[in-house]
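Visitor: query_27.cif is the file, holding mmCIF, C-alpha atoms:
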data_run
#
loop_
_atom_site.label_atom_id
_atom_site.label_comp_id
_atom_site.auth_asym_id
_atom_site.auth_seq_id
_atom_site.Cartn_x
_atom_site.Cartn_y
_atom_site.Cartn_z
CA MET A 1 -60.51 140.60 37.56
CA GLU A 2 -58.41 142.15 40.35
CA MET A 3 -59.38 145.69 41.20
CA GLU A 4 -58.07 148.32 43.58
CA SER A 5 -59.42 151.68 44.62
CA LYS A 6 -57.12 154.69 44.50
CA GLU A 7 -57.48 158.44 44.38
CA TRP A 8 -55.12 159.75 41.70
CA SER A 9 -54.44 162.23 38.92
CA ILE A 10 -56.43 165.19 40.22
CA HIS A 11 -55.81 168.58 38.63
CA ALA A 12 -57.17 172.07 39.21
CA TYR A 13 -58.37 173.33 35.83
CA GLN A 14 -58.04 177.02 36.70
CA ARG A 15 -54.25 176.56 37.07
CA LEU A 16 -54.06 176.27 33.27
CA ASN A 17 -54.69 179.99 33.12
CA GLY A 18 -52.09 181.00 35.69
CA PRO A 19 -48.37 180.88 36.43
CA ASP A 20 -48.52 177.09 36.86
CA HIS A 21 -49.73 176.57 33.28
CA ASP A 22 -46.66 174.66 32.04
CA GLU A 23 -46.59 172.38 35.08
CA VAL A 24 -50.28 171.53 34.78
CA VAL A 25 -49.94 170.89 31.04
CA LYS A 26 -47.11 168.47 31.75
CA GLU A 27 -49.22 166.63 34.35
CA ILE A 28 -52.32 166.43 32.14
CA VAL A 29 -50.35 165.26 29.11
CA ALA A 30 -48.62 162.60 31.24
CA ALA A 31 -52.02 161.34 32.40
CA ALA A 32 -53.32 161.25 28.81
CA GLU A 33 -50.25 159.36 27.60
CA THR A 34 -50.28 156.75 30.37
CA LEU A 35 -53.69 156.41 31.99
CA GLY A 36 -56.02 158.02 29.49
CA PHE A 37 -57.92 159.43 32.48
CA PHE A 38 -57.66 162.22 34.99
CA GLN A 39 -59.95 164.27 37.21
CA LEU A 40 -60.47 168.02 37.14
CA VAL A 41 -61.61 170.29 39.94
CA ASN A 42 -62.36 174.02 39.66
CA HIS A 43 -63.40 173.27 36.08
CA GLY A 44 -65.92 176.07 35.62
CA VAL A 45 -69.07 173.94 35.85
CA PRO A 46 -70.98 175.13 38.94
CA ILE A 47 -71.13 172.57 41.74
CA ASP A 48 -74.80 173.32 42.40
CA LEU A 49 -75.51 172.56 38.73
CA LEU A 50 -73.83 169.15 39.10
CA GLU A 51 -76.04 168.41 42.11
CA THR A 52 -79.13 169.55 40.19
CA LEU A 53 -78.07 167.31 37.33
CA LYS A 54 -77.89 164.23 39.59
CA ASP A 55 -81.32 165.05 40.99
CA ALA A 56 -82.70 165.42 37.46
CA ALA A 57 -81.30 162.00 36.54
CA HIS A 58 -82.94 160.37 39.55
CA ASN A 59 -86.21 162.16 38.74
CA PHE A 60 -86.19 160.84 35.19
CA PHE A 61 -85.31 157.24 36.08
CA GLY A 62 -87.72 157.30 39.04
CA GLN A 63 -90.68 157.65 36.70
CA PRO A 64 -93.00 154.74 35.90
CA SER A 65 -91.65 152.52 33.12
CA LYS A 66 -94.36 153.53 30.65
CA LYS A 67 -93.33 157.20 30.84
CA LYS A 68 -89.69 156.39 30.09
CA ALA A 69 -90.66 153.90 27.39
CA VAL A 70 -91.98 156.64 25.09
CA TYR A 71 -88.32 157.38 24.28
CA ARG A 72 -87.39 153.82 23.30
CA LYS A 73 -85.43 153.68 20.09
CA GLN A 74 -88.23 152.22 17.98
CA VAL A 75 -90.92 154.69 19.11
CA SER A 76 -89.16 157.84 20.35
CA PRO A 77 -90.87 161.02 19.10
CA SER A 78 -87.44 162.50 18.36
CA PRO A 79 -84.40 161.06 16.57
CA LEU A 80 -82.32 163.05 19.06
CA VAL A 81 -83.47 161.03 22.08
CA LYS A 82 -83.40 157.30 22.81
CA TYR A 83 -83.96 155.27 25.95
CA CYS A 84 -82.23 151.87 26.16
CA THR A 85 -81.25 149.18 28.62
CA SER A 86 -78.03 147.78 27.11
CA PHE A 87 -75.42 148.82 24.51
CA ASN A 88 -75.96 146.06 21.94
CA PRO A 89 -78.09 143.25 23.43
CA GLU A 90 -78.10 141.21 20.21
CA ARG A 91 -74.30 140.79 20.41
CA GLU A 92 -73.61 140.85 24.16
CA LYS A 93 -72.84 137.63 26.01
CA ALA A 94 -73.72 139.33 29.30
CA LEU A 95 -76.27 142.13 29.23
CA GLU A 96 -75.31 145.51 30.61
CA TRP A 97 -77.49 146.00 33.67
CA LYS A 98 -78.39 149.63 33.26
CA ASP A 99 -80.95 152.05 31.92
CA TYR A 100 -79.78 155.06 29.96
CA ILE A 101 -81.23 158.00 28.10
CA SER A 102 -79.14 159.39 25.26
CA MET A 103 -79.61 162.99 24.07
CA VAL A 104 -77.94 164.28 20.90
CA TYR A 105 -77.29 168.02 20.76
CA THR A 106 -78.01 170.01 17.59
CA ASN A 107 -78.97 173.41 18.99
CA ASP A 108 -80.47 174.91 22.14
CA ALA A 109 -83.98 175.25 20.74
CA GLU A 110 -84.28 171.60 19.69
CA ALA A 111 -82.78 170.43 23.00
CA LEU A 112 -85.32 172.41 25.02
CA GLN A 113 -88.13 171.19 22.81
CA GLN A 114 -87.26 167.52 22.33
CA TRP A 115 -85.17 166.35 25.30
CA PRO A 116 -87.15 164.97 28.31
CA LYS A 117 -88.64 167.81 30.35
CA GLU A 118 -87.49 166.17 33.61
CA CYS A 119 -83.85 166.89 32.81
CA ARG A 120 -83.42 168.99 29.66
CA GLU A 121 -82.62 172.35 31.25
CA ALA A 122 -80.00 170.93 33.64
CA VAL A 123 -78.45 168.72 30.94
CA LEU A 124 -78.25 171.56 28.43
CA GLU A 125 -76.58 173.86 30.97
CA TYR A 126 -74.13 171.07 31.90
CA LEU A 127 -73.21 170.65 28.24
CA LYS A 128 -72.82 174.36 27.51
CA THR A 129 -70.74 175.15 30.60
CA SER A 130 -68.40 172.21 29.85
CA MET A 131 -67.47 173.23 26.31
CA ASN A 132 -64.89 175.89 27.20
CA MET A 133 -63.07 173.25 29.23
CA VAL A 134 -63.22 170.72 26.38
CA ARG A 135 -61.86 173.22 23.85
CA LYS A 136 -59.08 174.27 26.22
CA LEU A 137 -58.04 170.67 26.90
CA LEU A 138 -58.08 169.76 23.22
CA GLY A 139 -55.91 172.77 22.50
CA VAL A 140 -53.44 171.63 25.16
CA PHE A 141 -53.28 168.12 23.71
CA MET A 142 -52.83 169.36 20.14
CA GLU A 143 -50.16 171.89 21.10
CA ASN A 144 -48.19 169.14 22.84
CA LEU A 145 -48.24 167.20 19.56
CA GLY A 146 -46.89 170.20 17.66
CA ALA A 147 -50.21 170.99 15.97
CA GLU A 148 -52.12 174.24 16.19
CA LEU A 149 -55.80 173.95 15.32
CA ASP A 150 -58.00 176.90 14.50
CA ASP A 151 -61.59 177.08 15.76
CA SER A 152 -63.04 175.41 12.66
CA LYS A 153 -60.77 172.38 13.04
CA ILE A 154 -61.53 172.08 16.75
CA ASP A 155 -65.24 172.32 15.94
CA ALA A 156 -64.86 169.46 13.45
CA LEU A 157 -63.25 167.24 16.11
CA ILE A 158 -65.94 167.92 18.72
CA GLY A 159 -68.74 168.70 16.29
CA MET A 160 -71.02 165.95 17.55
CA LYS A 161 -72.11 166.18 21.18
CA THR A 162 -74.19 163.63 23.07
CA VAL A 163 -75.15 163.54 26.73
CA ASN A 164 -76.10 160.26 28.36
CA MET A 165 -77.65 159.73 31.75
CA ASN A 166 -76.92 156.22 33.04
CA PHE A 167 -78.74 154.52 35.90
CA TYR A 168 -77.60 151.23 37.45
CA PRO A 169 -80.38 149.55 39.42
CA THR A 170 -79.78 146.78 41.93
CA CYS A 171 -78.99 143.62 39.96
CA PRO A 172 -80.68 140.34 40.97
CA ASN A 173 -78.18 138.09 39.14
CA LEU A 174 -74.62 139.41 38.89
CA ASP A 175 -73.45 136.32 36.97
CA LEU A 176 -75.57 137.18 33.96
CA THR A 177 -74.94 140.90 33.74
CA VAL A 178 -72.32 143.63 33.91
CA GLY A 179 -72.70 147.31 34.81
CA VAL A 180 -71.10 148.59 31.60
CA GLY A 181 -68.91 146.29 29.52
CA ARG A 182 -65.18 147.00 29.20
CA HIS A 183 -64.78 149.58 26.50
CA SER A 184 -63.06 152.74 25.37
CA ASP A 185 -65.12 155.70 24.16
CA MET A 186 -65.13 156.23 20.41
CA GLY A 187 -64.91 160.03 20.39
CA THR A 188 -62.40 162.78 21.12
CA ILE A 189 -62.85 163.71 24.79
CA THR A 190 -65.45 162.49 27.28
CA ILE A 191 -66.51 164.46 30.36
CA LEU A 192 -68.05 162.34 33.11
CA GLN A 193 -69.86 163.19 36.29
CA GLN A 194 -69.90 160.37 38.82
CA ASP A 195 -72.15 160.18 41.83
CA GLY A 196 -70.64 159.62 45.27
CA ILE A 197 -70.86 155.82 45.10
CA GLY A 198 -68.20 155.25 42.44
CA GLY A 199 -67.73 152.09 40.42
CA LEU A 200 -65.67 153.41 37.48
CA TYR A 201 -62.43 151.53 36.75
CA VAL A 202 -59.53 152.00 34.37
CA LYS A 203 -57.12 149.33 33.15
CA ILE A 204 -53.47 150.34 33.53
CA ALA A 205 -51.58 149.97 30.25
CA GLU A 206 -48.07 150.05 31.72
CA GLU A 207 -46.68 149.52 35.22
CA MET A 208 -46.52 152.87 37.01
CA ASP A 209 -45.09 153.88 40.36
CA ASN A 210 -47.73 154.82 42.94
CA ILE A 211 -50.51 153.85 40.52
CA GLY A 212 -50.46 150.11 39.91
CA ARG A 213 -49.21 147.15 37.92
CA LYS A 214 -49.69 146.56 34.21
CA ALA A 215 -53.15 145.16 33.37
CA GLU A 216 -54.39 145.99 36.87
CA TRP A 217 -57.84 147.56 37.21
CA VAL A 218 -57.93 150.64 39.43
CA GLU A 219 -61.06 152.44 40.55
CA ILE A 220 -61.36 156.16 39.87
CA LEU A 221 -62.64 157.17 43.28
CA PRO A 222 -65.23 159.95 43.05
CA ILE A 223 -64.01 163.33 44.27
CA SER A 224 -66.60 165.82 45.42
CA GLY A 225 -67.07 168.47 42.73
CA ALA A 226 -64.65 166.83 40.28
CA LEU A 227 -65.29 165.78 36.69
CA VAL A 228 -63.58 162.78 35.11
CA ILE A 229 -61.88 163.42 31.76
CA ASN A 230 -61.04 160.53 29.51
CA ILE A 231 -59.37 160.24 26.13
CA GLY A 232 -61.43 158.76 23.31
CA ASP A 233 -60.45 156.56 20.38
CA ALA A 234 -60.47 159.49 17.93
CA LEU A 235 -57.87 161.36 19.95
CA GLN A 236 -55.75 158.22 20.23
CA ILE A 237 -55.83 157.92 16.44
CA LEU A 238 -54.99 161.60 15.92
CA SER A 239 -52.03 161.29 18.30
CA ASN A 240 -50.83 158.12 16.55
CA GLY A 241 -51.24 156.24 19.80
CA ARG A 242 -49.49 158.68 22.12
CA TYR A 243 -52.69 159.46 24.00
CA LYS A 244 -54.49 156.40 25.36
CA SER A 245 -58.19 155.65 25.28
CA GLU A 246 -58.15 153.03 28.01
CA SER A 247 -60.81 150.34 28.42
CA VAL A 248 -63.23 150.86 31.26
CA PRO A 249 -65.96 148.87 33.03
CA GLN A 250 -68.47 150.31 35.48
CA LYS A 251 -69.63 147.98 38.22
CA GLN A 252 -71.46 149.75 41.00
CA SER A 253 -72.21 153.36 40.18
CA ARG A 254 -75.84 154.31 40.64
CA VAL A 255 -75.78 157.33 38.34
CA SER A 256 -73.20 158.64 35.87
CA ILE A 257 -73.62 161.41 33.32
CA PRO A 258 -71.09 161.55 30.45
CA ILE A 259 -70.78 164.13 27.70
CA PHE A 260 -69.35 162.52 24.56
CA THR A 261 -67.65 164.91 22.15
CA THR A 262 -66.89 163.26 18.83
CA PRO A 263 -65.82 164.25 15.33
CA LYS A 264 -68.55 165.00 12.83
CA PRO A 265 -69.52 161.84 10.90
CA THR A 266 -68.19 163.34 7.66
CA GLN A 267 -64.83 164.24 9.21
CA LYS A 268 -61.77 162.32 8.06
CA ILE A 269 -59.49 161.30 10.93
CA ALA A 270 -55.93 160.01 10.78
CA PRO A 271 -52.70 160.47 12.72
CA LEU A 272 -51.55 164.08 12.56
CA PRO A 273 -48.75 164.61 10.00
CA GLN A 274 -46.56 166.29 12.65
CA VAL A 275 -46.73 163.18 14.84
CA VAL A 276 -46.22 160.72 11.99
CA GLU A 277 -43.09 162.63 10.95
CA LYS A 278 -41.66 162.30 14.45
CA ASP A 279 -42.70 158.67 14.86
CA GLY A 280 -41.53 157.61 11.42
CA MET A 281 -44.77 155.82 10.54
CA ALA A 282 -48.54 155.96 11.01
CA HIS A 283 -50.08 153.33 13.28
CA TYR A 284 -53.64 153.96 12.11
CA ARG A 285 -55.14 154.40 8.65
CA GLU A 286 -57.22 157.38 7.58
CA LEU A 287 -60.97 156.90 7.60
CA VAL A 288 -64.23 158.80 7.58
CA PHE A 289 -65.51 158.90 11.13
CA ALA A 290 -68.97 157.64 10.09
CA ASP A 291 -67.32 154.32 9.19
CA TYR A 292 -65.72 154.12 12.63
CA MET A 293 -69.09 154.84 14.26
CA LYS A 294 -70.76 152.09 12.26
CA ASN A 295 -68.14 149.58 13.40
CA PHE A 296 -68.27 150.79 17.02
CA PHE A 297 -72.06 150.59 17.36
CA GLY A 298 -72.26 147.35 15.39
CA ASN A 299 -70.42 145.33 18.05
CA ALA A 300 -70.67 144.62 21.76
CA HIS A 301 -68.33 146.39 24.17
CA ASP A 302 -65.08 144.43 24.18
CA GLY A 303 -62.17 146.38 25.59
CA LYS A 304 -60.32 148.32 22.89
CA LYS A 305 -61.07 146.02 19.97
CA SER A 306 -62.92 148.81 18.19
CA LEU A 307 -59.51 150.41 17.49
CA ASP A 308 -58.45 147.30 15.55
CA PHE A 309 -60.78 148.51 12.80
CA THR A 310 -58.34 151.30 11.89
CA LYS A 311 -55.03 149.99 13.22
CA ILE A 312 -52.37 149.21 10.63
CA ASN A 313 -51.15 145.63 10.93
CA PHE A 314 -47.46 145.83 10.03
CA ALA A 315 -47.08 142.06 10.20
CA SER A 316 -49.25 141.69 7.11
CA CYS A 317 -47.72 144.60 5.18
#
Written as structure tokens, that's how I'd like the structure from this file.

Guide:
Amino acid sequence: MEMESKEWSIHAYQRLNGPDHDEVVKEIVAAAETLGFFQLVNHGVPIDLLETLKDAAHNFFGQPSKKKAVYRKQVSPSPLVKYCTSFNPEREKALEWKDYISMVYTNDAEALQQWPKECREAVLEYLKTSMNMVRKLLGVFMENLGAELDDSKIDALIGMKTVNMNFYPTCPNLDLTVGVGRHSDMGTITILQQDGIGGLYVKIAEEMDNIGRKAEWVEILPISGALVINIGDALQILSNGRYKSESVPQKQSRVSIPIFTTPKPTQKIAPLPQVVEKDGMAHYRELVFADYMKNFFGNAHDGKKSLDFTKINFASC
């Protein structure tokens, strides 16, 4: 797999609220429609909080194995917290060489009570200070599609929130493992903090000037203080394929901390009527998001194959 490292698609979030709003919207939408990824600076999440968050991650993963093991899926004292070492080891040909702790958000009180004490305060603050940005970005994407969503509809599309802390230890046998398998995220929008080492790649869907060739893998170089934003499968479905949830592997990063915002499991998702009318047809079928989650978590990471579950196959129609 050929890979290059480039620093691209960096946007200052605060410009969305100023005289450059239309220009920034155009840039962000272009990134969502072509790359599925971009980076934001001046995003409203304090830089010192991001540094504290990285320290908290190292503190958690630096503990003895038996202390982390209390959160393993089979024995965790809380259904909101699980500690794992690979995405789906029963179905993976090469294991993902990582440790991760996954924390589901329900409310502040349960997070502070049930998330690991080594990181819960920093993680909760990271989540809460990121939500204004997520809502603003989702509003931008929906407005570009000709849809205006009220607060209740936005809440339904980002109603489930999960924060993962991923740690990638030194691997003794690179032939038998991967950092994180090639995949797209299943949700609406993902916010990701990288450390300074990097290792996050995106596969280019179409040949683009100054970016790369079609099917080329390009590294998203970490920018100090920036957060990576990527489009999830749910938003690709809602946009009828206009926005791209590109497949991503991680190879070298020591620590990464994503926030996954996803529709509520009971939420029905389908291409927006406004987009289908313009496109002339729907490319994805309507489904309850719980069914998409079941399919996503029931298989190993394998590029964007999870989207095949809802894609309409016109050849067989």

Visitor: For A:Asn132, which residue out of A:Ala109, A:Val104, A:Tyr13, A:Lys67 is the nearest one, using all atoms listed in the file?

Guide: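 Result for the nearest residue to A:Asn132: A:Tyr13.
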
Visitor: I'd like the residues picked by the PyMOL selection byres ((chain A and resi 45-50) around 9) written out as a list in words, using the chain letters and numbers from the file.

Guide: Asn42, His43, Gly44, Glu51, Thr52, Leu53, Lys54, Asp55, Ala122, Glu125, Tyr126, Thr129, Ser130, Met133, Gln193, Ser224, Gly225 and Ala226 of chain A

Visitor: Tell me which residues come within 10 Å of (-86.4, 154.5, 21.2), as an MDAnalysis selection string, counting only C-alpha atoms in the file's coordinates.

Guide: chainID A and resid 68:84 101:102

Visitor: Considering only C-alpha atoms, can you say which of A:Ser65, A:Thr34, A:Thr85, A:Thr266 comes closest to A:Val202?

Guide: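 Result for the nearest residue to A:Val202: A:Thr34.
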
Visitor: How many Å lie between atom CA of A:Pro265 and atom CA of A:Val29, rounded to one decimal?

Guide: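 Taking atom CA of A:Pro265 and atom CA of A:Val29, their separation equals 26.7 Å.
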
Visitor: In Å, with one decimal, what is the gap from atom CA of A:Asn240 to atom CA of A:Glu143?

Guide: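 Those two atoms sit 14.5 Å apart.
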